[in-house]
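The next block is work31.cif, given as mmCIF, C-alpha atoms and all ligand atoms.
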data_start
loop_
_atom_site.label_atom_id
_atom_site.label_comp_id
_atom_site.auth_asym_id
_atom_site.auth_seq_id
_atom_site.Cartn_x
_atom_site.Cartn_y
_atom_site.Cartn_z
CA MET A 10 -50.41 -1.55 49.98
CA LYS A 11 -47.67 -0.48 52.38
CA LEU A 12 -44.37 -2.04 53.42
CA ARG A 13 -44.27 -3.43 56.98
CA ARG A 14 -41.55 -1.83 59.08
CA TYR A 15 -39.34 -4.03 61.25
CA GLN A 16 -40.20 -3.32 64.89
CA GLY A 17 -36.52 -3.11 65.84
CA ASN A 18 -35.74 -0.24 63.42
CA PRO A 19 -33.31 1.37 63.02
CA ILE A 20 -31.02 -1.62 62.46
CA LEU A 21 -27.86 0.50 62.06
CA LYS A 22 -27.06 3.83 63.68
CA PRO A 23 -24.00 6.06 63.43
CA LYS A 24 -21.18 4.99 65.78
CA ARG A 25 -19.65 7.78 67.81
CA GLU A 26 -16.46 5.81 68.52
CA ASN A 27 -15.56 5.49 64.81
CA ASP A 28 -14.85 8.91 63.27
CA TRP A 29 -15.63 7.71 59.74
CA GLU A 30 -19.18 6.59 60.66
CA SER A 31 -19.95 8.96 63.49
CA ALA A 32 -22.32 11.28 61.61
CA ALA A 33 -24.61 8.87 59.74
CA ALA A 34 -25.03 5.22 58.64
CA PHE A 35 -27.69 5.04 55.94
CA ASN A 36 -28.71 4.24 52.32
CA ALA A 37 -27.47 0.64 52.23
CA ALA A 38 -27.10 -1.83 49.38
CA VAL A 39 -27.80 -5.46 50.16
CA VAL A 40 -27.07 -8.86 48.64
CA ARG A 41 -28.21 -12.19 50.06
CA ASP A 42 -25.78 -14.94 49.18
CA SER A 43 -25.60 -18.46 50.67
CA SER A 44 -28.17 -17.37 53.31
CA ILE A 45 -25.97 -14.49 54.49
CA PHE A 46 -27.07 -10.88 54.14
CA HIS A 47 -24.24 -8.59 53.03
CA LEU A 48 -24.94 -4.93 53.67
CA LEU A 49 -22.84 -2.07 52.33
CA TYR A 50 -23.90 1.16 53.91
CA ARG A 51 -23.07 4.78 53.36
CA ALA A 52 -21.26 6.08 56.41
CA ARG A 53 -20.70 9.76 56.93
CA GLY A 54 -17.80 10.85 59.07
CA LYS A 55 -16.95 13.82 61.28
CA ASP A 56 -15.24 15.23 58.18
CA GLY A 57 -18.51 15.18 56.19
CA ILE A 58 -17.08 12.61 53.73
CA SER A 59 -19.03 9.46 52.85
CA ARG A 60 -17.31 6.05 52.82
CA LEU A 61 -18.85 2.58 52.65
CA GLY A 62 -19.11 0.33 55.67
CA TYR A 63 -19.84 -3.40 55.65
CA ALA A 64 -22.11 -5.49 57.87
CA VAL A 65 -23.28 -9.10 57.75
CA SER A 66 -26.29 -10.91 59.15
CA LYS A 67 -27.95 -14.32 59.26
CA ASP A 68 -31.51 -13.02 59.62
CA GLY A 69 -31.48 -9.66 57.81
CA PHE A 70 -32.25 -7.71 60.99
CA ASN A 71 -29.29 -8.17 63.35
CA PHE A 72 -26.00 -7.14 61.77
CA LEU A 73 -22.34 -7.43 62.73
CA ARG A 74 -20.28 -4.46 61.48
CA LEU A 75 -16.64 -4.04 60.62
CA ASP A 76 -14.81 -1.26 62.44
CA LYS A 77 -13.13 0.06 59.29
CA PRO A 78 -14.70 1.14 56.01
CA VAL A 79 -14.36 -1.33 53.12
CA PHE A 80 -14.55 1.28 50.36
CA GLU A 81 -13.06 4.76 50.58
CA PRO A 82 -12.78 7.71 48.21
CA GLU A 83 -9.96 7.37 45.69
CA GLY A 84 -8.91 9.68 42.85
CA GLU A 85 -10.03 13.13 41.76
CA PHE A 86 -13.72 12.23 41.20
CA GLU A 87 -14.27 11.05 44.80
CA THR A 88 -12.56 13.69 46.89
CA LEU A 89 -15.86 14.60 48.57
CA GLY A 90 -17.07 11.04 49.02
CA CYS A 91 -18.53 7.76 47.76
CA GLU A 92 -22.30 7.68 48.26
CA ASP A 93 -25.40 5.53 47.82
CA PRO A 94 -24.13 2.07 46.73
CA ARG A 95 -26.36 -0.30 44.72
CA ILE A 96 -25.28 -3.91 44.11
CA VAL A 97 -26.23 -6.75 41.79
CA ARG A 98 -24.80 -10.23 41.43
CA MET A 99 -23.80 -11.32 37.92
CA GLY A 100 -22.01 -14.65 37.70
CA ASP A 101 -19.50 -14.89 40.53
CA GLU A 102 -19.07 -11.12 40.83
CA PHE A 103 -20.97 -8.41 42.65
CA TYR A 104 -21.14 -5.15 40.73
CA MET A 105 -21.64 -1.92 42.61
CA THR A 106 -22.78 1.37 41.12
CA TYR A 107 -22.32 4.37 43.41
CA THR A 108 -22.15 8.14 43.40
CA ALA A 109 -18.70 9.68 43.14
CA TYR A 110 -18.75 13.19 44.54
CA SER A 111 -16.05 15.84 43.99
CA LYS A 112 -15.52 19.40 42.80
CA HIS A 113 -16.12 17.98 39.29
CA GLY A 114 -19.69 17.22 40.37
CA ILE A 115 -21.77 14.10 40.95
CA ARG A 116 -20.99 11.08 38.77
CA VAL A 117 -22.04 7.44 38.46
CA SER A 118 -19.10 5.08 39.10
CA LEU A 119 -18.65 1.30 39.06
CA ALA A 120 -16.67 -1.21 41.13
CA ALA A 121 -16.77 -5.01 41.48
CA THR A 122 -15.93 -7.53 44.18
CA ASN A 123 -16.39 -11.17 45.09
CA ASN A 124 -15.78 -10.77 48.82
CA PHE A 125 -16.99 -7.22 49.77
CA ILE A 126 -13.55 -6.35 51.11
CA THR A 127 -11.32 -6.08 48.06
CA TRP A 128 -12.56 -4.19 45.02
CA ARG A 129 -11.80 -3.71 41.35
CA ARG A 130 -12.50 -0.10 40.48
CA TYR A 131 -13.67 0.99 37.05
CA GLY A 132 -14.16 4.68 37.86
CA VAL A 133 -16.74 7.00 36.33
CA ILE A 134 -18.98 5.29 33.76
CA LEU A 135 -21.34 8.17 32.90
CA PRO A 136 -19.00 11.12 32.30
CA ASP A 137 -19.77 14.80 31.73
CA VAL A 138 -23.23 15.03 33.31
CA GLU A 139 -24.49 15.38 36.84
CA ASN A 140 -26.08 12.02 37.47
CA LYS A 141 -26.95 9.55 40.26
CA ASP A 142 -29.34 6.78 41.31
CA ALA A 143 -27.85 4.24 38.89
CA VAL A 144 -28.94 0.60 39.19
CA LEU A 145 -27.89 -2.32 37.01
CA PHE A 146 -30.38 -4.99 36.00
CA PRO A 147 -29.15 -8.29 37.50
CA GLU A 148 -28.79 -9.99 34.08
CA LYS A 149 -28.21 -9.14 30.43
CA ILE A 150 -31.39 -8.46 28.49
CA GLY A 151 -31.24 -9.26 24.75
CA ASP A 152 -27.42 -9.46 24.85
CA LYS A 153 -26.91 -6.11 26.57
CA TYR A 154 -26.22 -4.96 30.07
CA VAL A 155 -28.95 -2.55 31.09
CA MET A 156 -28.94 0.29 33.61
CA LEU A 157 -31.44 2.81 34.97
CA HIS A 158 -29.98 6.17 35.94
CA ARG A 159 -31.07 9.70 36.72
CA PRO A 160 -29.43 12.70 35.03
CA MET A 161 -29.79 16.05 36.78
CA PRO A 162 -30.27 18.84 34.22
CA GLU A 163 -30.41 22.41 35.49
CA LYS A 164 -34.20 22.44 35.71
CA GLU A 165 -36.42 19.87 37.41
CA PRO A 166 -38.48 17.67 37.01
CA TRP A 167 -35.85 14.88 36.90
CA GLY A 168 -36.90 11.47 35.56
CA ILE A 169 -35.46 7.96 35.24
CA TRP A 170 -33.52 7.02 32.09
CA ILE A 171 -32.42 3.69 30.65
CA ALA A 172 -29.06 2.91 29.00
CA TYR A 173 -27.43 -0.14 27.38
CA SER A 174 -23.88 -1.49 27.22
CA ASP A 175 -21.81 -4.40 25.89
CA ASN A 176 -19.07 -4.13 28.51
CA LEU A 177 -20.55 -2.28 31.56
CA LEU A 178 -18.19 0.64 30.88
CA ASP A 179 -19.47 2.35 27.70
CA TRP A 180 -23.15 3.21 27.82
CA GLY A 181 -25.49 4.36 25.04
CA GLY A 182 -29.11 4.36 23.87
CA HIS A 183 -30.04 6.74 26.69
CA LYS A 184 -33.80 7.31 26.86
CA VAL A 185 -36.34 8.52 29.43
CA VAL A 186 -38.54 5.71 30.79
CA MET A 187 -40.44 7.38 33.62
CA MET A 188 -41.07 10.97 34.72
CA PRO A 189 -42.34 12.64 37.90
CA ARG A 190 -46.13 12.99 38.06
CA GLU A 191 -47.59 16.42 38.60
CA GLY A 192 -49.81 16.75 41.65
CA LEU A 193 -48.69 13.44 43.18
CA TRP A 194 -46.11 12.52 45.85
CA ASP A 195 -43.41 12.05 43.17
CA SER A 196 -43.92 15.38 41.40
CA VAL A 197 -40.40 16.88 41.35
CA ARG A 198 -37.77 14.14 41.01
CA ILE A 199 -37.67 10.38 40.92
CA GLY A 200 -34.81 7.86 40.90
CA ALA A 201 -34.35 4.10 41.03
CA ALA A 202 -34.06 2.71 44.57
CA CYS A 203 -33.16 -1.02 44.53
CA PRO A 204 -31.87 -2.80 41.43
CA PRO A 205 -34.99 -4.20 39.68
CA PHE A 206 -36.44 -7.54 40.83
CA LYS A 207 -37.34 -10.08 38.13
CA THR A 208 -40.94 -11.31 38.47
CA GLU A 209 -43.33 -13.21 36.18
CA GLU A 210 -45.19 -9.98 35.51
CA GLY A 211 -42.16 -7.89 34.61
CA TRP A 212 -39.22 -6.07 36.16
CA LEU A 213 -40.39 -4.68 39.48
CA LEU A 214 -38.79 -1.35 40.26
CA ILE A 215 -38.92 0.26 43.66
CA TYR A 216 -38.10 3.93 43.20
CA HIS A 217 -37.97 7.07 45.31
CA GLY A 218 -39.85 10.23 44.60
CA ALA A 219 -39.74 13.70 46.10
CA ASP A 220 -42.34 16.43 46.01
CA GLU A 221 -42.16 20.26 46.31
CA ARG A 222 -41.87 19.93 50.10
CA GLU A 223 -38.73 17.72 49.81
CA ILE A 224 -40.54 14.71 51.29
CA TYR A 225 -38.97 11.47 49.99
CA ARG A 226 -41.20 8.40 49.64
CA LEU A 227 -40.95 5.00 47.92
CA GLY A 228 -43.18 3.75 45.11
CA THR A 229 -43.38 0.88 42.61
CA ALA A 230 -43.45 0.41 38.85
CA LEU A 231 -43.36 -2.57 36.49
CA PHE A 232 -41.36 -2.71 33.24
CA ALA A 233 -41.64 -5.31 30.44
CA LEU A 234 -39.30 -8.29 30.86
CA ALA A 235 -37.99 -8.37 27.28
CA ASN A 236 -38.07 -4.59 26.84
CA PRO A 237 -37.25 -2.88 30.14
CA SER A 238 -37.73 0.57 28.61
CA LEU A 239 -41.47 -0.14 28.46
CA LEU A 240 -43.32 1.00 31.57
CA LEU A 241 -46.27 -1.36 32.04
CA ARG A 242 -47.80 -0.17 35.29
CA GLN A 243 -47.11 2.22 38.11
CA GLN A 244 -48.82 2.43 41.47
CA GLU A 245 -50.44 5.71 42.33
CA GLU A 246 -49.78 5.54 46.06
CA PRO A 247 -46.39 5.30 47.77
CA ILE A 248 -45.50 2.01 49.52
CA LEU A 249 -43.53 3.76 52.27
CA GLU A 250 -43.52 7.34 53.50
CA PRO A 251 -41.90 9.11 56.46
CA GLU A 252 -43.97 8.54 59.59
CA GLU A 253 -41.71 7.23 62.33
CA GLU A 254 -39.47 9.43 64.44
CA TYR A 255 -36.34 7.99 62.74
CA GLU A 256 -37.74 8.97 59.32
CA LEU A 257 -38.99 12.40 60.30
CA HIS A 258 -35.84 13.69 62.05
CA GLY A 259 -32.15 13.24 61.22
CA GLN A 260 -29.70 14.87 58.83
CA HIS A 261 -32.50 15.54 56.34
CA PRO A 262 -36.05 15.50 57.72
CA ASN A 263 -38.85 13.47 56.10
CA VAL A 264 -36.81 10.99 54.09
CA VAL A 265 -37.16 7.31 53.33
CA PHE A 266 -34.57 6.49 50.67
CA SER A 267 -33.65 2.99 49.51
CA CYS A 268 -30.61 1.62 47.66
CA GLY A 269 -31.20 -2.10 48.12
CA GLY A 270 -33.55 -4.98 48.70
CA CYS A 271 -33.48 -8.77 48.46
CA GLU A 272 -35.81 -11.74 48.18
CA VAL A 273 -36.20 -13.94 51.25
CA ASP A 274 -38.54 -16.97 51.13
CA GLY A 275 -41.33 -15.25 49.18
CA SER A 276 -40.86 -11.80 50.70
CA TYR A 277 -38.95 -8.70 49.76
CA TYR A 278 -36.75 -7.16 52.43
CA ILE A 279 -36.28 -3.49 51.56
CA TYR A 280 -33.43 -1.63 53.27
CA TYR A 281 -33.72 2.11 53.50
CA GLY A 282 -32.21 5.18 55.05
CA GLY A 283 -34.28 7.08 57.63
CA ALA A 284 -33.84 10.87 57.42
CA ASP A 285 -30.33 10.42 55.89
CA PHE A 286 -29.16 9.28 59.32
CA VAL A 287 -29.88 5.61 60.12
CA THR A 288 -30.54 2.31 58.30
CA CYS A 289 -33.91 0.58 58.53
CA VAL A 290 -35.67 -2.39 56.95
CA ALA A 291 -39.26 -3.07 55.92
CA THR A 292 -40.77 -6.19 54.34
CA VAL A 293 -43.64 -7.29 52.12
CA GLY A 294 -44.85 -10.57 50.59
CA GLU A 295 -43.90 -10.80 46.91
CA ASP A 296 -47.50 -11.78 46.00
CA VAL A 297 -48.96 -8.96 48.08
CA LEU A 298 -46.79 -6.42 46.28
CA LEU A 299 -47.44 -7.75 42.78
CA ASN A 300 -51.19 -8.14 43.35
CA SER A 301 -51.41 -4.52 44.40
CA PHE A 302 -50.74 -3.17 40.89
C1 LIG A 401 -30.56 12.28 47.32
C2 LIG A 401 -29.28 11.59 47.74
C3 LIG A 401 -29.56 10.62 48.85
C4 LIG A 401 -30.38 11.23 49.96
C5 LIG A 401 -31.60 11.94 49.38
C6 LIG A 401 -32.43 12.65 50.43
O1 LIG A 401 -30.29 13.24 46.37
O2 LIG A 401 -28.33 12.55 48.17
O3 LIG A 401 -28.34 10.16 49.37
O4 LIG A 401 -30.79 10.22 50.83
O5 LIG A 401 -31.20 12.87 48.41
O6 LIG A 401 -31.72 13.69 51.06
#

Could I get this file's structure written as structure tokens?
Amino acid sequence: MKLRRYQGNPILKPKRENDWESAAAFNAAVVRDSSIFHLLYRARGKDGISRLGYAVSKDGFNFLRLDKPVFEPEGEFETLGCEDPRIVRMGDEFYMTYTAYSKHGIRVSLAATNNFITWRRYGVILPDVENKDAVLFPEKIGDKYVMLHRPMPEKEPWGIWIAYSDNLLDWGGHKVVMMPREGLWDSVRIGAACPPFKTEEGWLLIYHGADEREIYRLGTALFALANPSLLLRQQEEPILEPEEEYELHGQHPNVVFSCGGCEVDGSYYIYYGGADFVTCVATVGEDVLLNSF
């Protein structure tokens, strides 16, 4: 089972005329709300710093962009940029986890909004360790907020961990839930891509994996609904791998890397970065994906 690429990819490219997004526009988070697609993308500027840009769409393929970033580095943990946003809706708020990058290292941070323009910032939520690829589950499970994240110890392989919280700020119960698989496409490091989708069969996770040759692909796994630390099934084959020109060549060759997806009339729309340079989208029927496990 493979995702179907949109023929008009890439849907966002860097814009020369705007310094802040002139080097790359990739790795986007998405939320679909009241039939509008809200896309927050990682824009890299001439200065090498990442900021977040905002685009909206009625159909998920054609986007209108703002000319200014909506989220910019702030404070000592973001001096080198804000990267790779992931968003979930909980109640009337949208919560965004993202990577704060500075001389202190790479940290998971949190912010919230209800309009994508103004933000409440909570700062670093997983202190003291190099860490990224954090996604929140879109609802509390057994009275706790739940997150998947990916610590980066000195030696690989790097796997996906789970953590729990009462207030979204203090996290505990950290435990490995999935590790890279030797000899396969995800042998060196893996990390959550989109926030998990709730399905009848379990929490569907789309994740990225890299191998020894630094090729980034996307794969799928299912976790138990009531106990999301329990890995039920994992597909052996990737659902998307670099093949097209815009995935093979860019800032980092051979990369498909996703931070967001949404459900649209029985399909998943998966947004992904091509070669750390442009934003693309690919789709799949929800049944087709679930039946492929
Ligand atoms: C990861 C992140 C992503 C990037 C990917 C491939 O570690 O930095 O932003 O897309 O590597 O280069």

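Remark: for Met99 in chain A, the closest of the candidate residues A:Tyr281, A:Phe146, A:Trp29, A:Phe232 is A:Phe146 (distances computed over only C-alpha atoms).
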
Can you check which parts of chain A lie within 7 Å of ligand LIG 401 (chain A)? Per residue, the shortest pair of atoms and distance in Å to one decimal, counting all atoms listed in the file, sorted by chain and number, as CSV.
residue,atom,partner,partner_atom,distance
A:Asn36,CA,A:LIG401,O4,6.5
A:Glu92,CA,A:LIG401,O3,6.6
A:Asp93,CA,A:LIG401,O3,5.7
A:Tyr225,CA,A:LIG401,C6,6.7
A:His261,CA,A:LIG401,O6,5.6
A:Val264,CA,A:LIG401,C6,5.9
A:Phe266,CA,A:LIG401,O4,5.3
A:Gly282,CA,A:LIG401,O4,6.7
A:Asp285,CA,A:LIG401,O4,5.1

Two-atom distance - CA of Gly218 in chain A, CA of Glu256 in chain A (Å): 14.9 Å

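Each of A:Asp42, A:Glu26, A:Glu139, A:Glu87 was checked against Glu102 in chain A using all atoms listed in the file; the smallest atom-to-atom distance is that of A:Asp42.
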
All residues 9 Å or closer to range 113-119 of chain A, only C-alpha atoms, same chain fewer than 5 positions away omitted, as a PyMOL selection string: chain A and resi 85-87+104-108+129-143+158+177-178

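Distance check against Ala38 in chain A using only C-alpha atoms: of A:Ala291, A:Ile279, A:Leu12, A:Ala230, the minimum falls on A:Ile279.
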
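Of note, CA of Asp28 in chain A and CA of Tyr15 in chain A are spaced 27.8 Å apart.
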
Shell around range 241-245 of chain A at 7 Å using all atoms listed in the file, local window under 6 positions removed, as a ChimeraX atom specification: /A:228-233,302

For the selection you just gave me, I'd like the residues written to a file as a PDB file, keeping the file's coordinate frame, keeping C-alpha atoms.
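Saved result, result_20.pdb, follows:
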ATOM      1  CA  GLY A 228     -43.180   3.750  45.110  1.00  0.00           C
ATOM      2  CA  THR A 229     -43.380   0.880  42.610  1.00  0.00           C
ATOM      3  CA  ALA A 230     -43.450   0.410  38.850  1.00  0.00           C
ATOM      4  CA  LEU A 231     -43.360  -2.570  36.490  1.00  0.00           C
ATOM      5  CA  PHE A 232     -41.360  -2.710  33.240  1.00  0.00           C
ATOM      6  CA  ALA A 233     -41.640  -5.310  30.440  1.00  0.00           C
ATOM      7  CA  PHE A 302     -50.740  -3.170  40.890  1.00  0.00           C
TER       8      PHE A 302
END
